[in-house]
Structure formats: C-alpha cells, structure tokens
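Structure file coords28.txt with compact mmCIF, C-alpha atoms:
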# COMPACT_ATOMS: atom_id res chain seq x y z
CA MET A 1 140.68 143.74 139.02
CA GLN A 2 140.25 144.96 135.45
CA ASP A 3 138.46 141.76 134.46
CA ILE A 4 136.12 142.14 137.41
CA ALA A 5 135.52 145.82 136.62
CA ASP A 6 134.75 144.95 133.00
CA GLU A 7 132.30 142.24 134.07
CA CYS A 8 130.57 144.64 136.49
CA ASP A 9 130.62 147.50 133.99
CA CYS A 10 132.44 149.78 136.41
CA SER A 11 135.90 151.28 136.72
CA THR A 12 138.82 149.72 138.55
CA SER A 13 139.04 152.93 140.60
CA LEU A 14 135.52 152.25 141.89
CA LEU A 15 136.54 148.72 142.87
CA HIS A 16 139.68 150.00 144.59
CA TYR A 17 137.57 152.58 146.43
CA HIS A 18 135.63 149.74 148.08
CA PHE A 19 138.37 147.09 148.18
CA ASP A 20 142.07 147.78 148.72
CA THR A 21 143.11 144.42 147.28
CA LYS A 22 141.79 141.66 145.09
CA ALA A 23 141.92 139.39 148.15
CA GLU A 24 139.47 141.67 150.00
CA LEU A 25 137.13 141.57 147.04
CA LEU A 26 137.31 137.78 146.82
CA VAL A 27 136.64 137.37 150.54
CA GLU A 28 133.56 139.56 150.20
CA LEU A 29 132.50 137.49 147.19
CA LEU A 30 132.82 134.27 149.21
CA ALA A 31 130.65 135.72 151.97
CA HIS A 32 128.09 136.92 149.44
CA LEU A 33 127.97 133.54 147.70
CA LEU A 34 127.27 131.79 150.99
CA ASP A 35 124.47 134.22 151.86
CA ARG A 36 122.96 133.82 148.39
CA PHE A 37 123.20 130.03 148.56
CA GLN A 38 121.52 129.89 151.97
CA GLU A 39 118.72 132.18 150.78
CA ARG A 40 118.05 129.98 147.75
CA VAL A 41 118.05 126.68 149.60
CA SER A 42 115.89 128.06 152.40
CA GLU A 43 113.22 129.25 149.94
CA ALA A 44 112.26 125.66 149.13
CA ASP A 45 112.64 124.01 152.53
CA PRO A 46 110.71 120.72 152.49
CA GLU A 47 109.12 119.72 155.80
CA ASP A 48 110.45 116.17 155.62
CA PRO A 49 114.08 116.02 156.85
CA ARG A 50 114.90 113.26 154.35
CA ASP A 51 113.66 115.38 151.44
CA ARG A 52 115.50 118.41 152.80
CA LEU A 53 118.76 116.45 153.04
CA VAL A 54 118.38 115.19 149.46
CA GLN A 55 117.63 118.75 148.35
CA LEU A 56 120.85 119.96 149.99
CA VAL A 57 122.93 117.16 148.42
CA ASP A 58 121.50 118.09 145.02
CA ALA A 59 122.23 121.78 145.57
CA PHE A 60 125.81 121.07 146.65
CA LEU A 61 126.44 118.78 143.69
CA PHE A 62 124.45 120.47 140.92
CA GLY A 63 123.90 124.05 142.05
CA ALA A 64 120.94 125.80 143.55
CA ASP A 65 120.11 127.86 140.48
CA ASP A 66 119.73 127.40 136.76
CA ARG A 67 123.34 127.93 135.70
CA GLY A 68 124.48 125.76 132.85
CA ILE A 69 126.77 122.81 133.54
CA GLU A 70 129.88 124.57 132.20
CA GLU A 71 129.21 127.68 134.26
CA HIS A 72 128.70 125.46 137.32
CA ARG A 73 132.01 123.68 136.59
CA ALA A 74 133.83 127.00 136.16
CA PHE A 75 132.37 128.21 139.45
CA HIS A 76 133.67 125.15 141.31
CA ALA A 77 137.03 125.41 139.58
CA ALA A 78 137.32 129.00 140.84
CA LEU A 79 136.36 127.91 144.36
CA LEU A 80 138.95 125.15 144.22
CA GLU A 81 141.58 127.69 143.21
CA LEU A 82 140.63 129.89 146.16
CA ARG A 83 140.85 126.90 148.48
CA ALA A 84 144.33 126.20 147.13
CA GLN A 85 145.34 129.73 148.16
CA ALA A 86 143.87 129.45 151.67
CA PRO A 87 147.01 128.01 153.29
CA HIS A 88 148.87 131.13 152.14
CA THR A 89 146.16 133.79 152.58
CA ASP A 90 144.73 134.25 156.06
CA ALA A 91 141.67 136.14 154.81
CA PHE A 92 140.72 133.35 152.38
CA ARG A 93 141.25 130.71 155.06
CA ALA A 94 139.11 132.61 157.59
CA GLN A 95 136.21 133.17 155.17
CA LEU A 96 136.34 129.61 153.82
CA ALA A 97 136.30 128.32 157.41
CA GLU A 98 133.22 130.46 158.12
CA ASN A 99 131.51 129.21 154.95
CA ASP A 100 132.39 125.63 155.87
CA ARG A 101 131.11 126.09 159.43
CA ARG A 102 127.77 127.45 158.23
CA VAL A 103 127.28 124.80 155.54
CA HIS A 104 128.12 122.00 157.99
CA GLY A 105 125.76 123.59 160.49
CA THR A 106 122.95 123.68 157.95
CA VAL A 107 123.34 119.98 157.16
CA ALA A 108 123.80 119.01 160.83
CA ASP A 109 120.62 120.92 161.74
CA VAL A 110 118.64 118.92 159.18
CA VAL A 111 120.08 115.66 160.48
CA GLN A 112 119.30 116.70 164.07
CA ARG A 113 115.73 117.53 163.05
CA GLY A 114 115.39 114.08 161.48
CA VAL A 115 116.74 112.44 164.66
CA ASP A 116 114.41 114.51 166.86
CA GLU A 117 111.41 113.54 164.71
CA ASP A 118 112.43 109.85 164.76
CA ARG A 119 112.83 109.95 160.97
CA PHE A 120 116.59 109.28 161.20
CA ARG A 121 118.59 106.85 163.29
CA ARG A 122 120.23 108.19 166.43
CA VAL A 123 123.45 109.53 164.95
CA ASP A 124 125.87 112.34 165.68
CA PRO A 125 124.57 115.09 163.36
CA ARG A 126 127.97 116.82 163.02
CA ARG A 127 129.75 113.58 162.04
CA THR A 128 126.99 112.66 159.61
CA ALA A 129 127.15 116.14 158.05
CA ALA A 130 130.94 115.82 157.74
CA HIS A 131 130.51 112.44 156.04
CA LEU A 132 127.94 113.70 153.54
CA LEU A 133 129.86 116.87 152.72
CA ALA A 134 133.19 115.06 152.33
CA ALA A 135 131.60 112.84 149.68
CA VAL A 136 130.13 115.89 147.93
CA GLN A 137 133.48 117.71 147.97
CA GLY A 138 135.26 114.65 146.65
CA ALA A 139 132.81 114.35 143.77
CA ARG A 140 133.21 118.02 142.86
CA ILE A 141 137.00 117.77 142.98
CA ARG A 142 137.01 114.70 140.72
CA TRP A 143 134.56 116.42 138.36
CA VAL A 144 136.54 119.66 138.14
CA THR A 145 140.13 118.38 138.23
CA LEU A 146 139.84 115.03 136.47
CA GLY A 147 136.96 115.73 134.13
CA GLU A 148 134.94 112.86 135.58
CA ASP A 149 131.55 114.10 134.42
CA ALA A 150 129.75 111.17 136.08
CA ALA A 151 131.25 111.80 139.55
CA PRO A 152 128.45 114.05 140.86
CA GLU A 153 125.71 111.65 139.68
CA VAL A 154 127.52 108.58 141.05
CA VAL A 155 128.08 110.20 144.44
CA ARG A 156 124.51 111.52 144.54
CA ALA A 157 123.16 108.02 143.94
CA ALA A 158 125.42 106.56 146.64
CA LEU A 159 124.51 109.27 149.15
CA VAL A 160 120.77 109.12 148.55
CA GLU A 161 120.33 105.38 148.05
CA ASP A 162 123.00 103.98 150.35
CA VAL A 163 123.53 106.59 153.06
CA ILE A 164 120.31 108.59 153.41
CA ASP A 165 117.72 105.96 152.44
CA GLY A 166 119.77 102.84 153.15
CA TRP A 167 121.33 103.76 156.48
CA LEU A 168 120.14 107.04 157.96
CA THR A 169 116.37 107.03 157.37
CA VAL A 170 114.28 104.92 159.73
CA ALA A 171 111.93 102.67 157.77
Please lay out the structure from this file as structure tokens.
Amino acid sequence: MQDIADECDCSTSLLHYHFDTKAELLVELLAHLLDRFQERVSEADPEDPRDRLVQLVDAFLFGADDRGIEEHRAFHAALLELRAQAPHTDAFRAQLAENDRRVHGTVADVVQRGVDEDRFRRVDPRRTAAHLLAAVQGARIRWVTLGEDAAPEVVRAALVEDVIDGWLTVA
C-alpha cells in the first residue's frame, strides 16, 4: 500500500479510507483497466470487421497506448501474478472472470458482425473469440515468463495471416 501511495502521491491513510485491503484496491484497478482499455479500442473502431479484429489482436499483444515495451511487459507480468492469485482470492477471480467475459464478448461481437456482413465464414463467434484470445494469452505468457521477445510478433503473424486472412475472412 505504501508503494501505491507513493506512486499516487497520497498517504496510505487515504488509500485505506477508500479501500480496506490491498485486494480491494487491486480489484478496482482491474475494473478500471478494463474500462480504460475498452474506451481506447472503441475510439478507433474501423468499419471493416477484419480490420477491427486485427486492431484488437494488436492491442491485446502490444498494448492500446504508447507505453514502452518494458512497461508493457511489466504490466503483463503484474496481471499474470494477479491471475496466479485468483484460485486463492475470490475477489480477484470474480473480477478477472468479468474482464475475461467482456473481452471475449468484444471479440465475439466483431466476429458476429463479420459473419452477418458476409465478410467472415459462418463460424461460432464465441469459439472463434476463444481461439484468438487463447493464442494471444499464450504469446503474452511466453513473452513474460520465458523472455521470448518474438512470441507476440510470431503469434500476431499467425493469427492475422493464417487465421483471420487465411481461414476466417471470405475472399
């Protein structure tokens, strides 16, 4: 809490006034990060579902803002640590499940739009979203835990070239 107070230039008593525990603060942070992410990706919402899907893949892999690469890595390392605590902390698990539900819904909605507009093959949007996001999560985990700096680029190329353009998009 002291580190957070120092970073926010406020007292720990002020933090404790608003949050009884560090877990409460982190849950609120997770909710805030999701809201901020959705605001940023919705600001530049391309009309074409294919372009929108590529934009989302890029945002998930490389960030939706202009953070540096090391700050982006540290962010995903912190998220991975929170995920590791989720089996033991109900509040983390509940908020992460909500974040996951909304992110999957965002991707599935884009896929559904592409299907409805005959831009994408007739697929199950929820399964396709799960497939895309599992690949993204795997790349981020390999990048953060194994130091595989090329993992996000390799997975991006595979998702865009092989899955989105090679399989999903109707020619």
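Near Asp58 (chain A), within 10 Å and counting all atoms listed in the file, sit Arg52, Leu53, Gly63, Ala64, Val136, Pro152, Glu153, Arg156 and Val160 of chain A; same-chain residues fewer than 5 positions away were not included.
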Using only C-alpha atoms, what table do you get, as JSON lines, when you list each residue of region 20-97 of chain A with an atom no more than 12 Å from region 130-135 of chain A, its nearest pair of atoms, and their distance in Å rounded to one decimal, rows by chain then rising number?
{"residue": "A:Leu53", "atom": "CA", "partner": "A:Leu132", "partner_atom": "CA", "distance": 9.6}
{"residue": "A:Val54", "atom": "CA", "partner": "A:Leu132", "partner_atom": "CA", "distance": 10.5}
{"residue": "A:Leu56", "atom": "CA", "partner": "A:Leu133", "partner_atom": "CA", "distance": 9.9}
{"residue": "A:Val57", "atom": "CA", "partner": "A:Leu132", "partner_atom": "CA", "distance": 8.0}
{"residue": "A:Asp58", "atom": "CA", "partner": "A:Leu133", "partner_atom": "CA", "distance": 11.4}
{"residue": "A:Ala59", "atom": "CA", "partner": "A:Leu133", "partner_atom": "CA", "distance": 11.6}
{"residue": "A:Phe60", "atom": "CA", "partner": "A:Leu133", "partner_atom": "CA", "distance": 8.4}
{"residue": "A:Leu61", "atom": "CA", "partner": "A:Leu133", "partner_atom": "CA", "distance": 9.8}
Considering all atoms listed in the file, return as a ChimeraX atom specification whatever protein or nucleic-acid residues lie within 12 Å of Thr89 (chain A), sequence-local ones (same chain, fewer than 5 positions apart) excluded.
/A:22-24,26-27,82-84,94-96
What is the distance between CA of Thr169 (chain A) and CA of Val103 (chain A), in Å to one decimal?
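Distance reported for this atom pair: 20.9 Å.
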As an MDAnalysis selection string, please: the residues near Val154 (chain A) (cut-off 12 Å, all atoms listed in the file, same-chain neighbours under 4 positions excluded).
chainID A and resid 58 61 135:136 138:140 142:143 148:150 158:162
With all atoms listed in the file as the counted atoms, please give the residues lying no more than 12 Å from Asp118 (chain A), apart from itself and same-chain residues fewer than 5 positions off, as a PyMOL selection string.
chain A and resi 48-50+111-113+123+168-171
Minimum-distance residue to Ala108 (chain A), chosen among A:Gly166, A:Pro46, A:Pro125, A:Gly147 (using only C-alpha atoms)
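The closest residue to Ala108 (chain A) is A:Pro125.
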Which residue is closest to Ala77 (chain A)? Choose from A:Arg122, A:Ala31, A:Leu146, A:Val163 and count only C-alpha atoms.
A:Leu146
Find the spatial neighbours of Leu79 (chain A), counting all atoms listed in the file, within a cut-off of 12 Å - ignore same-chain residues fewer than 5 positions away - and output them as a PyMOL selection string.
chain A and resi 26-27+29-30+33-34+72-74+84-86+92+96+99+137+140-141+144-145
Of the candidates A:Ala91, A:Ile164, A:Gln38, A:Thr106, which one gets nearest to Arg121 (chain A) if we count all atoms listed in the file?
A:Ile164
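Between CA of Asp100 (chain A) and CA of Ala129 (chain A) the separation is 11.1 Å.
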Report, as AutoDock Vina command-line options, the axis-aligned box around all atoms of region 104-113 of chain A present in the file, extended by 3 Å on each side; give centre and edge lengths in Å to one decimal place.
--center_x 121.9 --center_y 119.7 --center_z 160.6 --size_x 18.4 --size_y 14.0 --size_z 12.9
